[in-house]
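The structure under discussion appears below in the form of structure tokens.
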Amino acid sequence: MATRSHSTTIARLQTLHGDASAEPFLRRLDVIERDPADPRRHMLLDSLVVDLAAADAAWQARRERIVALRTLAVELETLIGASSTELRAQVAACLATPEADMAQVGALAQQCTDAIAQQLHRRAAVARRRAVLEGLASLGYEVREGMETAWAEAGSVVLRKAATPGYGVEVGGRAESGRLQVRAVSLTDTRDRARERDIETIWCGEFTRLRSLLADRGSELTIEKALAIGEVPLKVIEGGYKGSSEATGSSAKKNSS
């Protein structure tokens with residue numbers, strides 16, 4: 001009776017994982033059944049049970065890892081499309097092998113996971129830049145086509161506002177990291193400290209409104225460092241709309257009180 005239950009377990013292993021997985025256990029069971037009087041019979045059966053359980057668990061884990069890799073490959077194609085062709089081809093070749101190399105399966109799964117994370121990170125950065133620019137547009141700043149790209153490539157952009165000629169706002173930082181810098185700037189090299197203080201005061205109020213607008217859209221600006229009004233002269237950026245390599249700050253960093 002005991003060997004019948006073992007045969008059933010081996011048959012299940014054979015059905016789920018193929019003949020090769022069951023063959024060693026069938027041979028061992030056959031040896032045990034040939035000599036019912038063997039004093040080691042119970043010990044051999046117990047050992048067979050333990051090894052069968054371990055083999056079943058190992059094959060199940062193997063199967064789950066292969067299924068997980070297939071799922072990642074599908075997600076990769078959905079998110080990235082043609083740019084993931086080479087990696088997906090490697091996955092297909094690996095899974096087409098009857099006995100897939102599990103080390104390769106693990107390595108490819110990690111590559112897929114990393115590629116998916118990078119793509120989601122890029123999408124989040126695009127959404128973050130767009131949300132900030134749309135928020136500034138709603139406050140009256142001129143947002144022009146190409147600013148999102150310029151920000152991503154150069155590190156910052158400067159926005160003008162008709163109501164405050166000669167001044168604007170510089171938005172910088174790498175949106176991928178969530179660390180941004182926003183500050184009022186002068187668009188000419190003519191210094192008027194009193195006017196600059198007025199501009200910074202205006203920007204303080206606008207920044208508060210910008211944070212509120214972004215919060216309504218599920219985004220957030222957290223002040224890591226704020227400079228008091230008039231603490232430093234406004235940065236001068238002649239020409240207005242242009243990129244800058246400067247990209248420092250935190251979730252938000254502003255030159256205001």
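Naming works like this for the structure tokens: A, B, ... for the chains as they're shown, residue 1 at the start of each chain, ligands 1 onward in shown order.
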Taking the chain letters and numbering used in this document, name the residues of segment 46-253 of chain A that DSSP puts in helix (DSSP H, G or I), as a PyMOL selection string. chain A and resi 46-96+102-138+147-154+175-177+193-216
If you count only C-alpha atoms, which residues fall within 10 Å of segment 98-106 of chain A, apart from same-chain ones fewer than 6 positions away, as a ChimeraX atom specification? /A:62,65-66,68-70,90-91,112
Pull N, CA and C atoms from the residues just selected and write them as a PDB file, in the first residue's frame.
ATOM      1  N   ARG A  62      10.947  26.007 -10.257  1.00  0.00           N
ATOM      2  CA  ARG A  62      11.469  26.201 -11.608  1.00  0.00           C
ATOM      3  C   ARG A  62      10.357  26.668 -12.546  1.00  0.00           C
ATOM      4  N   ARG A  65       9.349  30.292 -11.881  1.00  0.00           N
ATOM      5  CA  ARG A  65      10.321  31.259 -12.387  1.00  0.00           C
ATOM      6  C   ARG A  65      10.199  31.421 -13.901  1.00  0.00           C
ATOM      7  N   ILE A  66       9.914  30.331 -14.597  1.00  0.00           N
ATOM      8  CA  ILE A  66       9.745  30.402 -16.049  1.00  0.00           C
ATOM      9  C   ILE A  66       8.473  31.179 -16.396  1.00  0.00           C
ATOM     10  N   ALA A  68       7.088  33.426 -14.533  1.00  0.00           N
ATOM     11  CA  ALA A  68       7.351  34.826 -14.180  1.00  0.00           C
ATOM     12  C   ALA A  68       8.130  35.526 -15.292  1.00  0.00           C
ATOM     13  N   LEU A  69       9.090  34.822 -15.898  1.00  0.00           N
ATOM     14  CA  LEU A  69       9.871  35.413 -16.986  1.00  0.00           C
ATOM     15  C   LEU A  69       8.979  35.687 -18.195  1.00  0.00           C
ATOM     16  N   ARG A  70       8.087  34.749 -18.506  1.00  0.00           N
ATOM     17  CA  ARG A  70       7.156  34.966 -19.621  1.00  0.00           C
ATOM     18  C   ARG A  70       6.290  36.201 -19.363  1.00  0.00           C
ATOM     19  N   GLN A  90      16.053  37.254 -26.632  1.00  0.00           N
ATOM     20  CA  GLN A  90      16.859  36.427 -25.730  1.00  0.00           C
ATOM     21  C   GLN A  90      15.967  35.596 -24.814  1.00  0.00           C
ATOM     22  N   VAL A  91      14.885  36.215 -24.334  1.00  0.00           N
ATOM     23  CA  VAL A  91      13.945  35.489 -23.473  1.00  0.00           C
ATOM     24  C   VAL A  91      13.301  34.345 -24.243  1.00  0.00           C
ATOM     25  N   CYS A 112      14.776  42.171 -17.464  1.00  0.00           N
ATOM     26  CA  CYS A 112      13.420  42.624 -17.792  1.00  0.00           C
ATOM     27  C   CYS A 112      12.873  43.532 -16.692  1.00  0.00           C
TER      28      CYS A 112
END
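When DSSP is run on the backbone, the residues of segment 167-240 of chain A that fall into strand (DSSP E) are Tyr167, Gly168, Val169, Glu170, Val171, Gly172, Gln181, Val182, Arg183, Ala184, Val185, Ser186, Ile223, Glu224, Lys225, Ala226, Lys235 and Val236 of chain A.
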Let me see the file: selected residues, N, CA and C atoms, as a PDB file, in the first residue's frame.
ATOM      1  N   TYR A 167      11.286  89.529 -15.879  1.00  0.00           N
ATOM      2  CA  TYR A 167      11.515  88.502 -14.864  1.00  0.00           C
ATOM      3  C   TYR A 167      10.793  87.213 -15.272  1.00  0.00           C
ATOM      4  N   GLY A 168      11.213  86.138 -14.686  1.00  0.00           N
ATOM      5  CA  GLY A 168      10.584  84.855 -14.985  1.00  0.00           C
ATOM      6  C   GLY A 168      10.867  83.855 -13.884  1.00  0.00           C
ATOM      7  N   VAL A 169      10.612  82.599 -14.204  1.00  0.00           N
ATOM      8  CA  VAL A 169      10.857  81.515 -13.257  1.00  0.00           C
ATOM      9  C   VAL A 169      11.693  80.451 -13.945  1.00  0.00           C
ATOM     10  N   GLU A 170      12.744  80.025 -13.279  1.00  0.00           N
ATOM     11  CA  GLU A 170      13.558  78.922 -13.786  1.00  0.00           C
ATOM     12  C   GLU A 170      13.132  77.641 -13.077  1.00  0.00           C
ATOM     13  N   VAL A 171      12.847  76.626 -13.874  1.00  0.00           N
ATOM     14  CA  VAL A 171      12.497  75.311 -13.340  1.00  0.00           C
ATOM     15  C   VAL A 171      13.597  74.358 -13.762  1.00  0.00           C
ATOM     16  N   GLY A 172      14.228  73.711 -12.809  1.00  0.00           N
ATOM     17  CA  GLY A 172      15.341  72.831 -13.140  1.00  0.00           C
ATOM     18  C   GLY A 172      15.356  71.590 -12.285  1.00  0.00           C
ATOM     19  N   GLN A 181      14.305  72.225  -8.713  1.00  0.00           N
ATOM     20  CA  GLN A 181      14.605  73.563  -8.226  1.00  0.00           C
ATOM     21  C   GLN A 181      13.752  74.547  -9.008  1.00  0.00           C
ATOM     22  N   VAL A 182      13.023  75.380  -8.304  1.00  0.00           N
ATOM     23  CA  VAL A 182      12.221  76.418  -8.954  1.00  0.00           C
ATOM     24  C   VAL A 182      12.544  77.739  -8.272  1.00  0.00           C
ATOM     25  N   ARG A 183      12.804  78.764  -9.080  1.00  0.00           N
ATOM     26  CA  ARG A 183      13.165  80.048  -8.493  1.00  0.00           C
ATOM     27  C   ARG A 183      12.884  81.187  -9.461  1.00  0.00           C
ATOM     28  N   ALA A 184      12.628  82.352  -8.895  1.00  0.00           N
ATOM     29  CA  ALA A 184      12.464  83.554  -9.695  1.00  0.00           C
ATOM     30  C   ALA A 184      13.823  83.976 -10.233  1.00  0.00           C
ATOM     31  N   VAL A 185      13.855  84.477 -11.472  1.00  0.00           N
ATOM     32  CA  VAL A 185      15.105  84.913 -12.092  1.00  0.00           C
ATOM     33  C   VAL A 185      14.869  86.229 -12.825  1.00  0.00           C
ATOM     34  N   SER A 186      15.966  86.931 -13.070  1.00  0.00           N
ATOM     35  CA  SER A 186      15.921  88.158 -13.864  1.00  0.00           C
ATOM     36  C   SER A 186      16.320  87.825 -15.292  1.00  0.00           C
ATOM     37  N   ILE A 223       9.336  71.473   0.208  1.00  0.00           N
ATOM     38  CA  ILE A 223      10.445  72.423   0.303  1.00  0.00           C
ATOM     39  C   ILE A 223      11.567  71.819   1.142  1.00  0.00           C
ATOM     40  N   GLU A 224      12.741  71.710   0.546  1.00  0.00           N
ATOM     41  CA  GLU A 224      13.908  71.237   1.281  1.00  0.00           C
ATOM     42  C   GLU A 224      14.748  72.411   1.763  1.00  0.00           C
ATOM     43  N   LYS A 225      14.822  73.442   0.938  1.00  0.00           N
ATOM     44  CA  LYS A 225      15.599  74.621   1.311  1.00  0.00           C
ATOM     45  C   LYS A 225      14.925  75.850   0.734  1.00  0.00           C
ATOM     46  N   ALA A 226      14.717  76.863   1.551  1.00  0.00           N
ATOM     47  CA  ALA A 226      14.119  78.115   1.094  1.00  0.00           C
ATOM     48  C   ALA A 226      15.008  79.268   1.524  1.00  0.00           C
ATOM     49  N   LYS A 235      19.193  85.343  -9.862  1.00  0.00           N
ATOM     50  CA  LYS A 235      20.049  84.850 -10.928  1.00  0.00           C
ATOM     51  C   LYS A 235      19.645  85.535 -12.227  1.00  0.00           C
ATOM     52  N   VAL A 236      20.629  85.937 -13.027  1.00  0.00           N
ATOM     53  CA  VAL A 236      20.360  86.607 -14.295  1.00  0.00           C
ATOM     54  C   VAL A 236      20.469  85.593 -15.426  1.00  0.00           C
TER      55      VAL A 236
END
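Among the candidates A:Ser212, A:Thr188, A:Ser156, A:Ser219, the one nearest to Glu238 of chain A when counting only C-alpha atoms is A:Thr188.
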Counting only C-alpha atoms, the residue among A:Ile80, A:Val158, A:Ala152, A:Leu139 that lies closest to Ile202 of chain A is A:Leu139
In terms of the shortest atom-to-atom distance over only C-alpha atoms, which of A:Val74, A:Val157, A:Ala57, A:Ala92 is closest to Arg144 of chain A? A:Val157
Contacts of Glu134 of chain A at 10 Å or less, counting only C-alpha atoms, minus same-chain residues fewer than 5 places along, as a tab-separated table (two decimals) with C-alpha atoms, in the first residue's frame?
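Below you can see result-v8.tsv, which holds the result:
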chain	number	residue	atom	x	y	z
A	128	ARG	CA	6.15	65.21	-13.28
A	129	ARG	CA	7.63	67.72	-15.75
A	139	LEU	CA	-0.50	80.76	-13.09
A	140	GLY	CA	0.03	82.81	-16.24
A	141	TYR	CA	3.52	81.72	-17.30
A	142	GLU	CA	4.22	81.16	-20.99
A	143	VAL	CA	4.69	77.46	-21.65
A	210	LEU	CA	1.64	75.81	-7.55
A	213	LEU	CA	-2.39	72.77	-7.91
A	214	LEU	CA	0.05	69.86	-8.04
As an NGL selection string, please: the residues near Ser84 of chain A (cut-off 12 Å, only C-alpha atoms, same-chain neighbours under 2 positions excluded). :A and (72-82 or 86-91 or 111-112 or 114-116 or 119)
Atoms kept (N, CA and C atoms) for selection, written as a PDB file, in the first residue's frame:
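Result file selection.pdb:
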ATOM      1  N   LEU A  72       6.987  38.783 -17.466  1.00  0.00           N
ATOM      2  CA  LEU A  72       7.815  39.985 -17.574  1.00  0.00           C
ATOM      3  C   LEU A  72       8.052  40.359 -19.034  1.00  0.00           C
ATOM      4  N   ALA A  73       8.260  39.343 -19.884  1.00  0.00           N
ATOM      5  CA  ALA A  73       8.495  39.611 -21.305  1.00  0.00           C
ATOM      6  C   ALA A  73       7.273  40.259 -21.947  1.00  0.00           C
ATOM      7  N   VAL A  74       6.083  39.792 -21.569  1.00  0.00           N
ATOM      8  CA  VAL A  74       4.845  40.383 -22.102  1.00  0.00           C
ATOM      9  C   VAL A  74       4.704  41.827 -21.621  1.00  0.00           C
ATOM     10  N   GLU A  75       4.979  42.058 -20.342  1.00  0.00           N
ATOM     11  CA  GLU A  75       4.887  43.417 -19.794  1.00  0.00           C
ATOM     12  C   GLU A  75       5.901  44.333 -20.466  1.00  0.00           C
ATOM     13  N   LEU A  76       7.084  43.798 -20.728  1.00  0.00           N
ATOM     14  CA  LEU A  76       8.132  44.578 -21.384  1.00  0.00           C
ATOM     15  C   LEU A  76       7.686  45.005 -22.779  1.00  0.00           C
ATOM     16  N   GLU A  77       7.093  44.077 -23.515  1.00  0.00           N
ATOM     17  CA  GLU A  77       6.621  44.396 -24.865  1.00  0.00           C
ATOM     18  C   GLU A  77       5.525  45.453 -24.816  1.00  0.00           C
ATOM     19  N   THR A  78       4.633  45.341 -23.835  1.00  0.00           N
ATOM     20  CA  THR A  78       3.533  46.300 -23.713  1.00  0.00           C
ATOM     21  C   THR A  78       4.047  47.698 -23.399  1.00  0.00           C
ATOM     22  N   LEU A  79       5.036  47.787 -22.514  1.00  0.00           N
ATOM     23  CA  LEU A  79       5.535  49.090 -22.078  1.00  0.00           C
ATOM     24  C   LEU A  79       6.495  49.725 -23.072  1.00  0.00           C
ATOM     25  N   ILE A  80       7.387  48.927 -23.627  1.00  0.00           N
ATOM     26  CA  ILE A  80       8.498  49.482 -24.402  1.00  0.00           C
ATOM     27  C   ILE A  80       8.379  49.203 -25.894  1.00  0.00           C
ATOM     28  N   GLY A  81       7.764  48.082 -26.259  1.00  0.00           N
ATOM     29  CA  GLY A  81       7.570  47.782 -27.673  1.00  0.00           C
ATOM     30  C   GLY A  81       8.850  47.436 -28.397  1.00  0.00           C
ATOM     31  N   ALA A  82       9.056  48.070 -29.548  1.00  0.00           N
ATOM     32  CA  ALA A  82      10.157  47.710 -30.442  1.00  0.00           C
ATOM     33  C   ALA A  82      11.526  47.854 -29.795  1.00  0.00           C
ATOM     34  N   GLU A  86      15.459  43.080 -28.744  1.00  0.00           N
ATOM     35  CA  GLU A  86      16.632  42.235 -28.506  1.00  0.00           C
ATOM     36  C   GLU A  86      16.489  41.431 -27.217  1.00  0.00           C
ATOM     37  N   LEU A  87      16.071  42.087 -26.148  1.00  0.00           N
ATOM     38  CA  LEU A  87      15.919  41.390 -24.869  1.00  0.00           C
ATOM     39  C   LEU A  87      14.816  40.342 -24.958  1.00  0.00           C
ATOM     40  N   ARG A  88      13.710  40.675 -25.608  1.00  0.00           N
ATOM     41  CA  ARG A  88      12.620  39.710 -25.736  1.00  0.00           C
ATOM     42  C   ARG A  88      13.038  38.520 -26.587  1.00  0.00           C
ATOM     43  N   ALA A  89      13.910  38.742 -27.564  1.00  0.00           N
ATOM     44  CA  ALA A  89      14.416  37.639 -28.385  1.00  0.00           C
ATOM     45  C   ALA A  89      15.267  36.697 -27.537  1.00  0.00           C
ATOM     46  N   GLN A  90      16.053  37.254 -26.632  1.00  0.00           N
ATOM     47  CA  GLN A  90      16.859  36.427 -25.730  1.00  0.00           C
ATOM     48  C   GLN A  90      15.967  35.596 -24.814  1.00  0.00           C
ATOM     49  N   VAL A  91      14.885  36.215 -24.334  1.00  0.00           N
ATOM     50  CA  VAL A  91      13.945  35.489 -23.473  1.00  0.00           C
ATOM     51  C   VAL A  91      13.301  34.345 -24.243  1.00  0.00           C
ATOM     52  N   GLN A 111      17.008  41.490 -15.920  1.00  0.00           N
ATOM     53  CA  GLN A 111      17.135  42.485 -16.988  1.00  0.00           C
ATOM     54  C   GLN A 111      15.769  43.047 -17.370  1.00  0.00           C
ATOM     55  N   CYS A 112      14.776  42.171 -17.464  1.00  0.00           N
ATOM     56  CA  CYS A 112      13.420  42.624 -17.792  1.00  0.00           C
ATOM     57  C   CYS A 112      12.873  43.532 -16.692  1.00  0.00           C
ATOM     58  N   ASP A 114      14.561  45.347 -14.574  1.00  0.00           N
ATOM     59  CA  ASP A 114      15.270  46.628 -14.608  1.00  0.00           C
ATOM     60  C   ASP A 114      14.767  47.508 -15.748  1.00  0.00           C
ATOM     61  N   ALA A 115      14.561  46.897 -16.924  1.00  0.00           N
ATOM     62  CA  ALA A 115      14.091  47.665 -18.082  1.00  0.00           C
ATOM     63  C   ALA A 115      12.695  48.225 -17.833  1.00  0.00           C
ATOM     64  N   ILE A 116      11.838  47.430 -17.212  1.00  0.00           N
ATOM     65  CA  ILE A 116      10.478  47.884 -16.897  1.00  0.00           C
ATOM     66  C   ILE A 116      10.523  49.026 -15.885  1.00  0.00           C
ATOM     67  N   GLN A 119      11.648  52.225 -17.529  1.00  0.00           N
ATOM     68  CA  GLN A 119      10.603  52.817 -18.359  1.00  0.00           C
ATOM     69  C   GLN A 119       9.540  53.500 -17.503  1.00  0.00           C
TER      70      GLN A 119
END
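Neighbouring residues of Pro233 of chain A at 10 Å or closer, counting only C-alpha atoms and skipping chain neighbours under 6 positions away, are Val185, Ser186, Arg191, Asp192, Arg193, Glu196, Arg197 and Asn255 of chain A.
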Filtering to C-alpha atoms, could you give me those residues as a compact mmCIF listing (two decimals), in the first residue's frame?
# COMPACT_ATOMS: atom_id res chain seq x y z
CA VAL A 185 15.11 84.91 -12.09
CA SER A 186 15.92 88.16 -13.86
CA ARG A 191 19.77 95.31 -11.17
CA ASP A 192 16.82 96.77 -9.27
CA ARG A 193 16.94 95.26 -5.80
CA GLU A 196 13.61 91.98 -7.28
CA ARG A 197 12.22 91.81 -3.74
CA ASN A 255 14.53 81.32 -3.40
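Of note, atom CA of Trp203 of chain A and atom CA of Val132 of chain A are spaced 14.6 Å apart.
In this structure, atom CA of Cys204 of chain A sits 13.1 Å away from atom CA of Leu136 of chain A.
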